[in-house]
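Chemist: Structure provided below as structure tokens; questions to follow.
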Amino acid sequence: MPLLNFLKPENLLEEGGRSAAPIQSDAGEPEKNCPNCHKDIPLSRLWANQLVCPCGYHFRMKARHRISTVTDKNSYCELFSNIKSCNPLDFPGYEDKLDTVKTASEEEEAVICGTAMIGKQKCCIFVMESYFMMGSMGSAVGEKITSLFEYAIKHRLPVIGFTVSGGARMQEGLLSLMQMAKTSAAVKRHSDVGLLYVAVLTDPTTGGVTASFAMEADIILAEPGATVGFAGKRVIEQTTRQTLPKEFQSAEFVLEHGFIDKIVVRKEQKKFLAELLKMHNGGQKL
Amino acid sequence: MSQIPYDRVKLARDSKRPTGQDYIKNIFKNFIEFHGDRRYADDKAIMGGIAWLDGSPVTVIAIEKGHTSNERVERNFGAPHPEGYRKALRLMKQAEKFGRPIICFIDTSGAYCGIGAEERGQGQAIAENLMEMSTLCVPVLSILIGEGGSGGALALAVADRVWMLKNAVYSVISPEGCASILWKDSSKADVAAESLKLTAEDAKSLGVVDRILAEDDIGKKEYFERIHSLLIDEVNSLSKDPELLQKRYDRFRRIGMVKVEQII
């Protein structure tokens, strides 16, 4: 497979998708209801605050919007955008589903990746897209992430990854499952040559992504309130016949249980990542 | 006899099938079981230890479901907790230290979905196994003997060779789970089983499995003898391979099907 890439002209701020869909209030200004504080927040205010409610609730953010908020202006250069999903198992309805989500998400796959500068330091970055089949991992996601880690090894670059995923994409069956092993092996090689990998877990990070590259980073961060877990809450409730507390599988819960390093609010992430890169000599062993 | 894939799922789950322990008893000599992950507990859903395979010591790890209902409860129906995967990894690292090949027998509906399992990092435990197994410097051979349930099975199957019994199944999700998520109807599990391509033949054609083991005489002396001699040959040839790790990486690297568009 040829390593083809192209330069994106600019990171334009784009529409926030469903989470930012305007709700027209009586006063006329578009608002969005916050599921945490239940207040209607003017959309303009949410946008100005990186889709974070004044109460602290972090709305879901589209992948390209996120890249524009954490990377230096005009520094993002997309890689592997030519790798796309197909329907290898002839799974019923999968192709139609792909067409629908491509239109709705304005993305071609559930992850976008490339190189970028964060605080003037070069890194590889991947951001998963919740609006594309809830960031589920099929062959294309696995291939793009593996290729990115291999690219990072070749160019001796650190990797910053934002995860959001419902897990493996069942429409690709076993091929999806194997992406967990494939990406993990690439992360291991990247780690073994002394390069830094930082993961930022966003809502929700679950299933096969939690059980592979999300939990394999040197430093694991999360957004406040993000769901982080392996099995789905409903499955656990059915298996154990117990009602789970509200905070179960939240970022705060996994922090308390020792599985992530720190919760970082959205507006501090860029500065924080830049500082981490600096403290790791741009992501390499000293 | 014509079979639909869902029949294979039922066969794979049959409590009369030989379990991990039966394979250990009938294939290896002097199995010594080791316990515990040295972090939290000993998970009875996964057994591990050392044994002789034709005069050479090997590390054997097996997910054990049990046969009777008492055994099944004791073994948590072969659904491991994080400490099971951590015990397995501890024994694999030990095998690496002493240069022993590793043989895993896999039979699980999946990693356990429970509160304690989540609190103790089920996802992290599986992830760590996937990462560490990819670079173990000794031959690793995994055999799917019954159910190969998703990440919980894969966590012992990042191997140089993956074999699968004719009536075992290997899947990203249970057919019931798939049907209930996609069609809100778990009774369509037979349709899901067909769509998921979870049989041994499917897994082989997708490049996930290297060899399908016949099981017409399953449980008989000759059956275990056949697996015994296949294992000896394979372990011997893997032990001599100087490019073991690169080949293991490539084995998983090439799995997956994507559309690659040319950029002009």
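Within each chain, counting starts at residue 1; across the structure tokens, chains are named A, B, ... in the order shown, with ligands numbered 1 upward in that order.
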Mind running chain B against chain A at 7 Å and telling me each contacting residue's nearest atom pair with the distance in Å (one decimal), counting only C-alpha atoms, chain and number ascending, as a tab-separated table?

Modeler:
residue	atom	partner	partner_atom	distance
B:Cys113	CA	A:Ile236	CA	5.2
B:Gly114	CA	A:Ile236	CA	5.4
B:Glu118	CA	A:Gly229	CA	6.6
B:Glu119	CA	A:His257	CA	6.3
B:Gly121	CA	A:Phe259	CA	6.9
B:Gln122	CA	A:Phe230	CA	6.4
B:Gly123	CA	A:Ala211	CA	3.9
B:Gln124	CA	A:Met215	CA	5.4
B:Ile126	CA	A:Ala211	CA	5.4
B:Ala127	CA	A:Ser212	CA	4.3
B:Glu128	CA	A:Glu216	CA	6.8
B:Leu130	CA	A:Ala181	CA	5.6
B:Met131	CA	A:Ser184	CA	4.9
B:Ser134	CA	A:Ala185	CA	5.5
B:Ser150	CA	A:Leu177	CA	6.6
B:Gly151	CA	A:Gly208	CA	6.7
B:Val158	CA	A:Ala181	CA	6.7
B:Ser171	CA	A:Leu174	CA	5.5
B:Val172	CA	A:Leu177	CA	5.4
B:Ile173	CA	A:Met170	CA	6.8
B:Ser195	CA	A:Phe91	CA	5.6
B:Leu196	CA	A:Gly173	CA	5.1
B:Lys197	CA	A:Gly173	CA	6.7
B:Tyr249	CA	A:Ala185	CA	6.7
B:Phe252	CA	A:Lys182	CA	5.3
B:Arg253	CA	A:Lys182	CA	5.4
B:Ile255	CA	A:Leu175	CA	6.6
B:Gly256	CA	A:Ser139	CA	4.8
B:Met257	CA	A:Ser139	CA	5.8
B:Val258	CA	A:Ser85	CA	5.2
B:Lys259	CA	A:Lys84	CA	5.0
B:Val260	CA	A:Ile83	CA	4.7
B:Glu261	CA	A:Asn82	CA	4.9
B:Gln262	CA	A:Asn82	CA	6.7
B:Ile263	CA	A:Asn82	CA	6.9

Chemist: Take the residues from that selection and write them out as a compact mmCIF listing (two decimals), in the first residue's frame, keeping N, CA and C atoms.

Modeler:
# COMPACT_ATOMS: atom_id res chain seq x y z
N CYS B 113 -18.53 -9.76 32.19
CA CYS B 113 -19.12 -8.41 32.25
C CYS B 113 -19.68 -8.20 33.65
N GLY B 114 -18.88 -7.69 34.55
CA GLY B 114 -19.37 -7.49 35.91
C GLY B 114 -18.78 -6.24 36.52
N GLU B 118 -14.96 -4.57 35.85
CA GLU B 118 -14.76 -3.20 35.34
C GLU B 118 -13.89 -2.40 36.30
N GLU B 119 -14.17 -2.55 37.60
CA GLU B 119 -13.40 -1.80 38.61
C GLU B 119 -11.92 -2.14 38.54
N GLY B 121 -10.36 -3.17 35.83
CA GLY B 121 -9.75 -2.88 34.53
C GLY B 121 -9.75 -4.01 33.53
N GLN B 122 -10.92 -4.54 33.22
CA GLN B 122 -11.02 -5.61 32.22
C GLN B 122 -10.40 -5.17 30.89
N GLY B 123 -10.75 -3.96 30.46
CA GLY B 123 -10.23 -3.46 29.19
C GLY B 123 -8.71 -3.33 29.22
N GLN B 124 -8.20 -2.79 30.31
CA GLN B 124 -6.75 -2.62 30.43
C GLN B 124 -6.04 -3.96 30.45
N ILE B 126 -6.96 -6.84 29.08
CA ILE B 126 -6.95 -7.42 27.73
C ILE B 126 -5.95 -6.66 26.85
N ALA B 127 -6.01 -5.33 26.92
CA ALA B 127 -5.12 -4.50 26.11
C ALA B 127 -3.66 -4.85 26.37
N GLU B 128 -3.31 -5.02 27.64
CA GLU B 128 -1.93 -5.32 27.99
C GLU B 128 -1.49 -6.67 27.42
N LEU B 130 -2.68 -8.11 24.69
CA LEU B 130 -2.53 -7.97 23.24
C LEU B 130 -1.17 -7.36 22.92
N MET B 131 -0.81 -6.33 23.69
CA MET B 131 0.43 -5.62 23.44
C MET B 131 1.64 -6.50 23.76
N SER B 134 2.39 -9.65 21.57
CA SER B 134 2.89 -9.40 20.22
C SER B 134 4.41 -9.48 20.15
N SER B 150 -14.94 -12.94 21.38
CA SER B 150 -14.46 -11.56 21.27
C SER B 150 -13.11 -11.31 21.96
N GLY B 151 -12.97 -10.11 22.56
CA GLY B 151 -11.69 -9.70 23.16
C GLY B 151 -11.23 -10.67 24.25
N VAL B 158 -3.06 -13.92 20.54
CA VAL B 158 -2.09 -13.20 19.70
C VAL B 158 -0.89 -14.14 19.56
N SER B 171 -15.85 -15.13 17.26
CA SER B 171 -16.66 -14.01 16.82
C SER B 171 -16.41 -12.74 17.62
N VAL B 172 -16.68 -11.61 17.00
CA VAL B 172 -16.49 -10.31 17.64
C VAL B 172 -17.59 -10.05 18.67
N ILE B 173 -18.74 -10.69 18.50
CA ILE B 173 -19.87 -10.52 19.42
C ILE B 173 -20.71 -11.79 19.34
N SER B 195 -24.45 -14.06 9.35
CA SER B 195 -23.83 -12.82 8.87
C SER B 195 -22.45 -12.58 9.45
N LEU B 196 -22.23 -13.01 10.71
CA LEU B 196 -20.97 -12.70 11.40
C LEU B 196 -19.79 -13.51 10.88
N LYS B 197 -20.05 -14.55 10.11
CA LYS B 197 -18.99 -15.41 9.56
C LYS B 197 -18.07 -15.91 10.67
N TYR B 249 4.11 -10.33 13.82
CA TYR B 249 3.61 -8.98 13.53
C TYR B 249 2.88 -8.96 12.19
N PHE B 252 -0.75 -10.54 11.90
CA PHE B 252 -1.90 -9.71 12.28
C PHE B 252 -1.98 -8.43 11.45
N ARG B 253 -0.82 -7.95 11.02
CA ARG B 253 -0.76 -6.70 10.26
C ARG B 253 -1.60 -6.79 8.97
N ILE B 255 -4.29 -8.62 8.39
CA ILE B 255 -5.71 -8.96 8.52
C ILE B 255 -6.59 -7.70 8.44
N GLY B 256 -7.64 -7.80 7.65
CA GLY B 256 -8.54 -6.66 7.46
C GLY B 256 -8.76 -6.44 5.98
N MET B 257 -9.90 -5.87 5.64
CA MET B 257 -10.16 -5.57 4.24
C MET B 257 -10.63 -4.15 4.12
N VAL B 258 -9.91 -3.35 3.33
CA VAL B 258 -10.27 -1.95 3.15
C VAL B 258 -10.22 -1.60 1.67
N LYS B 259 -10.83 -0.47 1.36
CA LYS B 259 -10.77 0.08 0.02
C LYS B 259 -9.67 1.14 0.07
N VAL B 260 -8.67 1.03 -0.80
CA VAL B 260 -7.64 2.07 -0.82
C VAL B 260 -7.80 2.87 -2.09
N GLU B 261 -8.17 4.12 -1.93
CA GLU B 261 -8.37 4.97 -3.11
C GLU B 261 -7.08 5.69 -3.44
N GLN B 262 -6.82 5.80 -4.72
CA GLN B 262 -5.63 6.52 -5.16
C GLN B 262 -5.87 8.01 -5.04
N ILE B 263 -4.90 8.71 -4.51
CA ILE B 263 -5.02 10.17 -4.44
C ILE B 263 -4.22 10.76 -5.60

Chemist: Please provide the set of residues having any atom within 8 Å of Gly219 in chain B, restricted to only C-alpha atoms, with same-chain residues fewer than 5 positions apart removed, written as a count of residues only.

Modeler: 3

Chemist: Please report, as number ranges by chain, each residue of range 5-170 of chain B to which DSSP assigns strand (DSSP E) when run on this structure's backbone.

Modeler: B: 29-34, 46-53, 56-63, 102-108, 140-149, 161-165, 169-170

Chemist: DSSP on the backbone, helix (DSSP H, G or I) only: what residues of range 99-240 of chain A does that give? Format it as a PyMOL selection string.

Modeler: chain A and resi 99-105+133-135+139-154+170-192+207-210+213-215+233-240

Chemist: Give me the residues near Asp99 in chain A as a list in words, where near means some atom within 12 Å (using only C-alpha atoms) and where sequence neighbours in that chain fewer than 2 positions away do not count.

Modeler: Lys84, Ser85, Cys86, Asn87, Gly93, Tyr94, Glu95, Asp96, Lys97, Val101, Lys102, Thr103, Ala104, Ser105, Glu106, Glu107, Glu108, Glu109, Phe132 and Met133 of chain A

Chemist: Write the residues of the selection above to a file with all heavy atoms, as a compact mmCIF listing (two decimals), in the first residue's frame.

Modeler:
# COMPACT_ATOMS: atom_id res chain seq x y z
N LYS A 84 -10.51 3.40 3.24
CA LYS A 84 -11.94 3.45 3.56
C LYS A 84 -12.54 2.07 3.79
O LYS A 84 -12.00 1.06 3.35
CB LYS A 84 -12.69 4.14 2.41
CG LYS A 84 -12.30 5.60 2.34
CD LYS A 84 -12.77 6.29 1.09
CE LYS A 84 -12.16 7.70 1.10
NZ LYS A 84 -12.52 8.48 -0.04
N SER A 85 -13.67 2.05 4.47
CA SER A 85 -14.35 0.79 4.75
C SER A 85 -15.00 0.21 3.51
O SER A 85 -15.47 0.94 2.65
CB SER A 85 -15.45 1.01 5.80
OG SER A 85 -14.89 1.30 7.04
N CYS A 86 -15.03 -1.12 3.45
CA CYS A 86 -15.86 -1.77 2.44
C CYS A 86 -16.72 -2.79 3.21
O CYS A 86 -16.76 -2.75 4.43
CB CYS A 86 -14.99 -2.43 1.38
SG CYS A 86 -13.77 -3.58 2.01
N ASN A 87 -17.39 -3.66 2.52
CA ASN A 87 -18.25 -4.62 3.22
C ASN A 87 -17.71 -6.04 3.00
O ASN A 87 -18.26 -6.80 2.20
CB ASN A 87 -19.69 -4.48 2.70
CG ASN A 87 -20.68 -5.34 3.47
OD1 ASN A 87 -20.31 -5.98 4.46
ND2 ASN A 87 -21.92 -5.38 3.03
N GLY A 93 -27.15 -4.79 5.05
CA GLY A 93 -27.43 -3.40 5.43
C GLY A 93 -26.22 -2.53 5.71
O GLY A 93 -26.35 -1.34 5.96
N TYR A 94 -25.00 -3.13 5.70
CA TYR A 94 -23.80 -2.38 6.10
C TYR A 94 -23.46 -1.26 5.11
O TYR A 94 -23.15 -0.14 5.52
CB TYR A 94 -22.64 -3.35 6.28
CG TYR A 94 -21.33 -2.73 6.76
CD1 TYR A 94 -21.31 -1.65 7.65
CD2 TYR A 94 -20.10 -3.24 6.33
CE1 TYR A 94 -20.11 -1.11 8.09
CE2 TYR A 94 -18.90 -2.71 6.78
CZ TYR A 94 -18.92 -1.63 7.65
OH TYR A 94 -17.72 -1.10 8.08
N GLU A 95 -23.56 -1.56 3.82
CA GLU A 95 -23.21 -0.53 2.84
C GLU A 95 -24.14 0.69 2.93
O GLU A 95 -23.68 1.83 2.87
CB GLU A 95 -23.23 -1.10 1.42
CG GLU A 95 -21.90 -1.71 1.05
CD GLU A 95 -22.04 -2.83 0.03
OE1 GLU A 95 -22.37 -2.51 -1.12
OE2 GLU A 95 -21.84 -3.99 0.40
N ASP A 96 -25.44 0.42 3.09
CA ASP A 96 -26.38 1.53 3.24
C ASP A 96 -26.06 2.35 4.48
O ASP A 96 -26.11 3.57 4.48
CB ASP A 96 -27.82 1.00 3.35
CG ASP A 96 -28.28 0.37 2.05
OD1 ASP A 96 -27.63 0.64 1.01
OD2 ASP A 96 -29.26 -0.41 2.07
N LYS A 97 -25.74 1.63 5.54
CA LYS A 97 -25.40 2.30 6.81
C LYS A 97 -24.18 3.20 6.61
O LYS A 97 -24.17 4.36 7.06
CB LYS A 97 -25.12 1.22 7.86
CG LYS A 97 -24.67 1.72 9.19
CD LYS A 97 -25.82 1.91 10.14
CE LYS A 97 -25.37 2.63 11.40
NZ LYS A 97 -26.46 3.18 12.17
N VAL A 101 -24.11 7.29 7.22
CA VAL A 101 -23.27 7.98 8.19
C VAL A 101 -22.24 8.89 7.52
O VAL A 101 -21.84 9.90 8.09
CB VAL A 101 -22.55 7.04 9.19
CG1 VAL A 101 -23.56 6.33 10.06
CG2 VAL A 101 -21.65 6.05 8.51
N LYS A 102 -21.83 8.54 6.32
CA LYS A 102 -20.89 9.41 5.61
C LYS A 102 -21.54 10.77 5.35
O LYS A 102 -20.92 11.82 5.52
CB LYS A 102 -20.46 8.78 4.28
CG LYS A 102 -19.33 7.78 4.45
CD LYS A 102 -18.90 7.19 3.13
CE LYS A 102 -18.00 5.99 3.35
NZ LYS A 102 -17.61 5.34 2.12
N THR A 103 -22.79 10.74 4.93
CA THR A 103 -23.50 11.98 4.67
C THR A 103 -23.72 12.74 5.98
O THR A 103 -23.45 13.94 6.06
CB THR A 103 -24.88 11.67 4.03
OG1 THR A 103 -24.66 10.74 2.98
CG2 THR A 103 -25.53 12.92 3.50
N ALA A 104 -24.18 12.04 7.01
CA ALA A 104 -24.52 12.71 8.27
C ALA A 104 -23.28 13.27 8.96
O ALA A 104 -23.32 14.35 9.52
CB ALA A 104 -25.24 11.73 9.19
N SER A 105 -22.17 12.52 8.91
CA SER A 105 -20.98 12.95 9.66
C SER A 105 -20.04 13.81 8.83
O SER A 105 -19.15 14.43 9.36
CB SER A 105 -20.20 11.72 10.13
OG SER A 105 -19.67 11.02 9.02
N GLU A 106 -20.24 13.83 7.53
CA GLU A 106 -19.32 14.50 6.59
C GLU A 106 -17.90 13.97 6.74
O GLU A 106 -16.93 14.68 6.52
CB GLU A 106 -19.35 16.03 6.79
CG GLU A 106 -20.72 16.62 6.54
CD GLU A 106 -20.85 18.05 7.03
OE1 GLU A 106 -20.63 18.27 8.24
OE2 GLU A 106 -21.14 18.93 6.22
N GLU A 107 -17.79 12.72 7.18
CA GLU A 107 -16.48 12.07 7.26
C GLU A 107 -16.55 10.77 6.47
O GLU A 107 -17.62 10.22 6.24
CB GLU A 107 -16.12 11.75 8.72
CG GLU A 107 -15.68 12.95 9.55
CD GLU A 107 -14.43 13.64 9.03
OE1 GLU A 107 -13.69 13.02 8.24
OE2 GLU A 107 -14.21 14.80 9.42
N GLU A 108 -15.39 10.29 6.08
CA GLU A 108 -15.32 9.05 5.30
C GLU A 108 -15.05 7.84 6.18
O GLU A 108 -15.19 6.70 5.77
CB GLU A 108 -14.22 9.16 4.25
CG GLU A 108 -14.52 10.15 3.13
CD GLU A 108 -15.61 9.65 2.20
OE1 GLU A 108 -15.56 8.47 1.81
OE2 GLU A 108 -16.52 10.44 1.88
N GLU A 109 -14.60 8.08 7.41
CA GLU A 109 -14.28 6.97 8.29
C GLU A 109 -14.38 7.42 9.74
O GLU A 109 -14.49 8.62 10.01
CB GLU A 109 -12.86 6.47 7.96
CG GLU A 109 -12.56 5.05 8.34
CD GLU A 109 -13.76 4.11 8.33
OE1 GLU A 109 -14.18 3.66 7.24
OE2 GLU A 109 -14.27 3.83 9.43
N PHE A 132 -19.57 9.00 13.29
CA PHE A 132 -19.43 7.94 12.29
C PHE A 132 -19.57 6.59 13.00
O PHE A 132 -18.61 6.07 13.58
CB PHE A 132 -18.07 8.05 11.58
CG PHE A 132 -18.00 7.26 10.30
CD1 PHE A 132 -18.08 7.89 9.06
CD2 PHE A 132 -17.86 5.88 10.33
CE1 PHE A 132 -18.01 7.16 7.89
CE2 PHE A 132 -17.80 5.15 9.16
CZ PHE A 132 -17.87 5.78 7.94
N MET A 133 -20.77 6.04 13.00
CA MET A 133 -21.07 4.76 13.65
C MET A 133 -20.47 4.68 15.06
O MET A 133 -19.91 3.67 15.46
CB MET A 133 -20.56 3.58 12.81
CG MET A 133 -21.25 3.49 11.46
SD MET A 133 -20.74 2.08 10.49
CE MET A 133 -21.72 0.77 11.23

Chemist: Which one of A:Val52, A:Cys77, A:Ala116, A:Cys34 sits closest to Pro224 in chain A if you count only C-alpha atoms?

Modeler: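 Of all the options, A:Val52 lies closest to Pro224 in chain A.
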
Chemist: List the neighbours of Arg100 in chain B out to 8 Å using only C-alpha atoms; skip same-chain residues closer than 5 positions along the sequence, and give me the result as a PyMOL selection string.

Modeler: chain B and resi 57-59+95+138-139

Chemist: Give me a file of those residues, with all heavy atoms, as a compact mmCIF listing (two decimals), in the first residue's frame.

Modeler:
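In the end it all went to again.txt:
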# COMPACT_ATOMS: atom_id res chain seq x y z
N PRO B 57 9.77 -28.98 28.27
CA PRO B 57 8.82 -28.23 29.10
C PRO B 57 8.12 -27.14 28.29
O PRO B 57 8.76 -26.45 27.48
CB PRO B 57 9.69 -27.63 30.20
CG PRO B 57 11.08 -27.66 29.68
CD PRO B 57 11.16 -28.70 28.61
N VAL B 58 6.83 -26.99 28.49
CA VAL B 58 6.06 -25.93 27.83
C VAL B 58 5.18 -25.26 28.88
O VAL B 58 4.90 -25.85 29.94
CB VAL B 58 5.15 -26.47 26.69
CG1 VAL B 58 5.97 -26.97 25.51
CG2 VAL B 58 4.21 -27.56 27.19
N THR B 59 4.76 -24.04 28.60
CA THR B 59 3.76 -23.38 29.45
C THR B 59 2.40 -23.58 28.79
O THR B 59 2.24 -23.38 27.59
CB THR B 59 4.11 -21.88 29.60
OG1 THR B 59 5.24 -21.77 30.47
CG2 THR B 59 2.94 -21.10 30.21
N ALA B 95 7.37 -17.92 30.92
CA ALA B 95 7.74 -18.82 29.83
C ALA B 95 8.83 -18.18 28.97
O ALA B 95 9.81 -18.84 28.58
CB ALA B 95 6.52 -19.14 28.97
N VAL B 138 9.14 -16.21 22.53
CA VAL B 138 9.02 -17.68 22.42
C VAL B 138 7.81 -18.00 21.54
O VAL B 138 6.92 -17.18 21.41
CB VAL B 138 8.86 -18.34 23.82
CG1 VAL B 138 10.16 -18.27 24.60
CG2 VAL B 138 7.72 -17.70 24.61
N PRO B 139 7.79 -19.20 20.94
CA PRO B 139 6.65 -19.55 20.11
C PRO B 139 5.35 -19.57 20.92
O PRO B 139 5.33 -20.02 22.06
CB PRO B 139 6.98 -20.96 19.62
CG PRO B 139 8.45 -21.11 19.77
CD PRO B 139 8.83 -20.25 20.94

Chemist: Quick one: distance from CA of His190 in chain A to CA of Val159 in chain A in Å, one decimal?

Modeler: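 Atom-to-atom, CA of His190 in chain A to CA of Val159 in chain A, that is 9.0 Å.
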
Chemist: Which residues, written as a PyMOL selection string, have at least one atom at most 12 Å from Leu276 in chain A, with only C-alpha atoms counted and residues fewer than 3 positions away on the same chain left out?

Modeler: chain A and resi 118-119+121+123+158-160+196-199+218-221+269-273+279-284

Chemist: For the selection you just gave me, I'd like the residues written to a file as a PDB file, in the first residue's frame, keeping N, CA and C atoms.

Modeler:
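New file part-v6.pdb:
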ATOM      1  N   ILE A 118       1.684  20.879  17.995  1.00  0.00           N
ATOM      2  CA  ILE A 118       0.985  21.292  19.219  1.00  0.00           C
ATOM      3  C   ILE A 118       2.002  22.081  20.036  1.00  0.00           C
ATOM      4  N   GLY A 119       1.742  23.373  20.224  1.00  0.00           N
ATOM      5  CA  GLY A 119       2.721  24.235  20.901  1.00  0.00           C
ATOM      6  C   GLY A 119       4.057  24.192  20.191  1.00  0.00           C
ATOM      7  N   GLN A 121       5.403  21.902  18.499  1.00  0.00           N
ATOM      8  CA  GLN A 121       6.116  20.619  18.491  1.00  0.00           C
ATOM      9  C   GLN A 121       5.373  19.636  17.604  1.00  0.00           C
ATOM     10  N   CYS A 123       3.928  16.301  16.004  1.00  0.00           N
ATOM     11  CA  CYS A 123       3.469  15.000  16.486  1.00  0.00           C
ATOM     12  C   CYS A 123       2.537  14.367  15.458  1.00  0.00           C
ATOM     13  N   PRO A 158       6.060  11.488  18.336  1.00  0.00           N
ATOM     14  CA  PRO A 158       5.107  11.033  19.354  1.00  0.00           C
ATOM     15  C   PRO A 158       3.704  10.931  18.750  1.00  0.00           C
ATOM     16  N   VAL A 159       2.838  10.199  19.402  1.00  0.00           N
ATOM     17  CA  VAL A 159       1.448  10.098  18.938  1.00  0.00           C
ATOM     18  C   VAL A 159       0.511  10.620  20.023  1.00  0.00           C
ATOM     19  N   ILE A 160      -0.403  11.496  19.600  1.00  0.00           N
ATOM     20  CA  ILE A 160      -1.476  11.957  20.488  1.00  0.00           C
ATOM     21  C   ILE A 160      -2.769  11.383  19.910  1.00  0.00           C
ATOM     22  N   LEU A 196       6.817   8.556  22.658  1.00  0.00           N
ATOM     23  CA  LEU A 196       5.702   8.858  23.563  1.00  0.00           C
ATOM     24  C   LEU A 196       4.345   8.693  22.875  1.00  0.00           C
ATOM     25  N   TYR A 197       3.407   8.129  23.597  1.00  0.00           N
ATOM     26  CA  TYR A 197       2.023   8.023  23.131  1.00  0.00           C
ATOM     27  C   TYR A 197       1.110   8.506  24.258  1.00  0.00           C
ATOM     28  N   VAL A 198       0.321   9.515  23.973  1.00  0.00           N
ATOM     29  CA  VAL A 198      -0.639  10.037  24.947  1.00  0.00           C
ATOM     30  C   VAL A 198      -2.042   9.812  24.403  1.00  0.00           C
ATOM     31  N   ALA A 199      -2.907   9.192  25.200  1.00  0.00           N
ATOM     32  CA  ALA A 199      -4.299   8.998  24.785  1.00  0.00           C
ATOM     33  C   ALA A 199      -5.197   9.914  25.604  1.00  0.00           C
ATOM     34  N   ASP A 218       1.307   5.672  27.142  1.00  0.00           N
ATOM     35  CA  ASP A 218       2.196   5.950  28.270  1.00  0.00           C
ATOM     36  C   ASP A 218       1.473   6.815  29.288  1.00  0.00           C
ATOM     37  N   ILE A 219       0.714   7.786  28.760  1.00  0.00           N
ATOM     38  CA  ILE A 219      -0.036   8.690  29.625  1.00  0.00           C
ATOM     39  C   ILE A 219      -1.480   8.673  29.132  1.00  0.00           C
ATOM     40  N   ILE A 220      -2.411   8.400  30.043  1.00  0.00           N
ATOM     41  CA  ILE A 220      -3.824   8.322  29.659  1.00  0.00           C
ATOM     42  C   ILE A 220      -4.593   9.440  30.342  1.00  0.00           C
ATOM     43  N   LEU A 221      -5.188  10.305  29.536  1.00  0.00           N
ATOM     44  CA  LEU A 221      -5.993  11.411  30.056  1.00  0.00           C
ATOM     45  C   LEU A 221      -7.453  11.152  29.698  1.00  0.00           C
ATOM     46  N   GLN A 269      -6.626  21.406  27.396  1.00  0.00           N
ATOM     47  CA  GLN A 269      -5.952  20.247  26.794  1.00  0.00           C
ATOM     48  C   GLN A 269      -4.757  20.617  25.920  1.00  0.00           C
ATOM     49  N   LYS A 270      -4.909  21.647  25.114  1.00  0.00           N
ATOM     50  CA  LYS A 270      -3.822  21.994  24.187  1.00  0.00           C
ATOM     51  C   LYS A 270      -2.549  22.346  24.961  1.00  0.00           C
ATOM     52  N   LYS A 271      -2.728  23.223  25.952  1.00  0.00           N
ATOM     53  CA  LYS A 271      -1.597  23.651  26.754  1.00  0.00           C
ATOM     54  C   LYS A 271      -0.958  22.449  27.472  1.00  0.00           C
ATOM     55  N   PHE A 272      -1.828  21.596  27.981  1.00  0.00           N
ATOM     56  CA  PHE A 272      -1.366  20.428  28.736  1.00  0.00           C
ATOM     57  C   PHE A 272      -0.574  19.471  27.843  1.00  0.00           C
ATOM     58  N   LEU A 273      -1.117  19.216  26.642  1.00  0.00           N
ATOM     59  CA  LEU A 273      -0.425  18.309  25.712  1.00  0.00           C
ATOM     60  C   LEU A 273       0.919  18.907  25.288  1.00  0.00           C
ATOM     61  N   MET A 279       8.088  18.105  28.040  1.00  0.00           N
ATOM     62  CA  MET A 279       8.735  17.349  29.123  1.00  0.00           C
ATOM     63  C   MET A 279       9.275  16.010  28.644  1.00  0.00           C
ATOM     64  N   HIS A 280       8.856  15.610  27.448  1.00  0.00           N
ATOM     65  CA  HIS A 280       9.376  14.361  26.874  1.00  0.00           C
ATOM     66  C   HIS A 280      10.269  14.647  25.669  1.00  0.00           C
ATOM     67  N   ASN A 281      10.880  15.803  25.675  1.00  0.00           N
ATOM     68  CA  ASN A 281      11.831  16.117  24.608  1.00  0.00           C
ATOM     69  C   ASN A 281      11.172  15.969  23.226  1.00  0.00           C
ATOM     70  N   GLY A 282       9.955  16.485  23.106  1.00  0.00           N
ATOM     71  CA  GLY A 282       9.237  16.353  21.846  1.00  0.00           C
ATOM     72  C   GLY A 282       8.764  14.932  21.603  1.00  0.00           C
ATOM     73  N   GLY A 283       8.694  14.128  22.651  1.00  0.00           N
ATOM     74  CA  GLY A 283       8.137  12.788  22.524  1.00  0.00           C
ATOM     75  C   GLY A 283       9.173  11.685  22.376  1.00  0.00           C
ATOM     76  N   GLN A 284      10.439  12.003  22.613  1.00  0.00           N
ATOM     77  CA  GLN A 284      11.495  10.992  22.466  1.00  0.00           C
ATOM     78  C   GLN A 284      12.288  10.817  23.749  1.00  0.00           C
TER      79      GLN A 284
END

Chemist: Using only C-alpha atoms, which of B:Phe34, B:Trp183, B:Trp163, B:Tyr40 sits nearest Ala214 in chain B?

Modeler: B:Trp163

Chemist: Write out as a compact mmCIF listing (two decimals) with N, CA and C atoms, in the first residue's frame the residues lying within 7 Å of Ala189 in chain B, counting only C-alpha atoms and excluding same-chain residues fewer than 4 positions away.

Modeler:
# COMPACT_ATOMS: atom_id res chain seq x y z
N PRO B 175 -23.88 -14.08 18.64
CA PRO B 175 -24.96 -13.85 17.68
C PRO B 175 -26.21 -13.25 18.34
N GLU B 176 -26.46 -13.63 19.60
CA GLU B 176 -27.62 -13.09 20.32
C GLU B 176 -27.42 -11.58 20.56
N ALA B 179 -27.78 -9.65 17.27
CA ALA B 179 -29.17 -9.54 16.83
C ALA B 179 -29.93 -8.55 17.70
N ALA B 193 -25.68 -15.16 13.29
CA ALA B 193 -24.60 -16.14 13.24
C ALA B 193 -24.14 -16.35 11.79
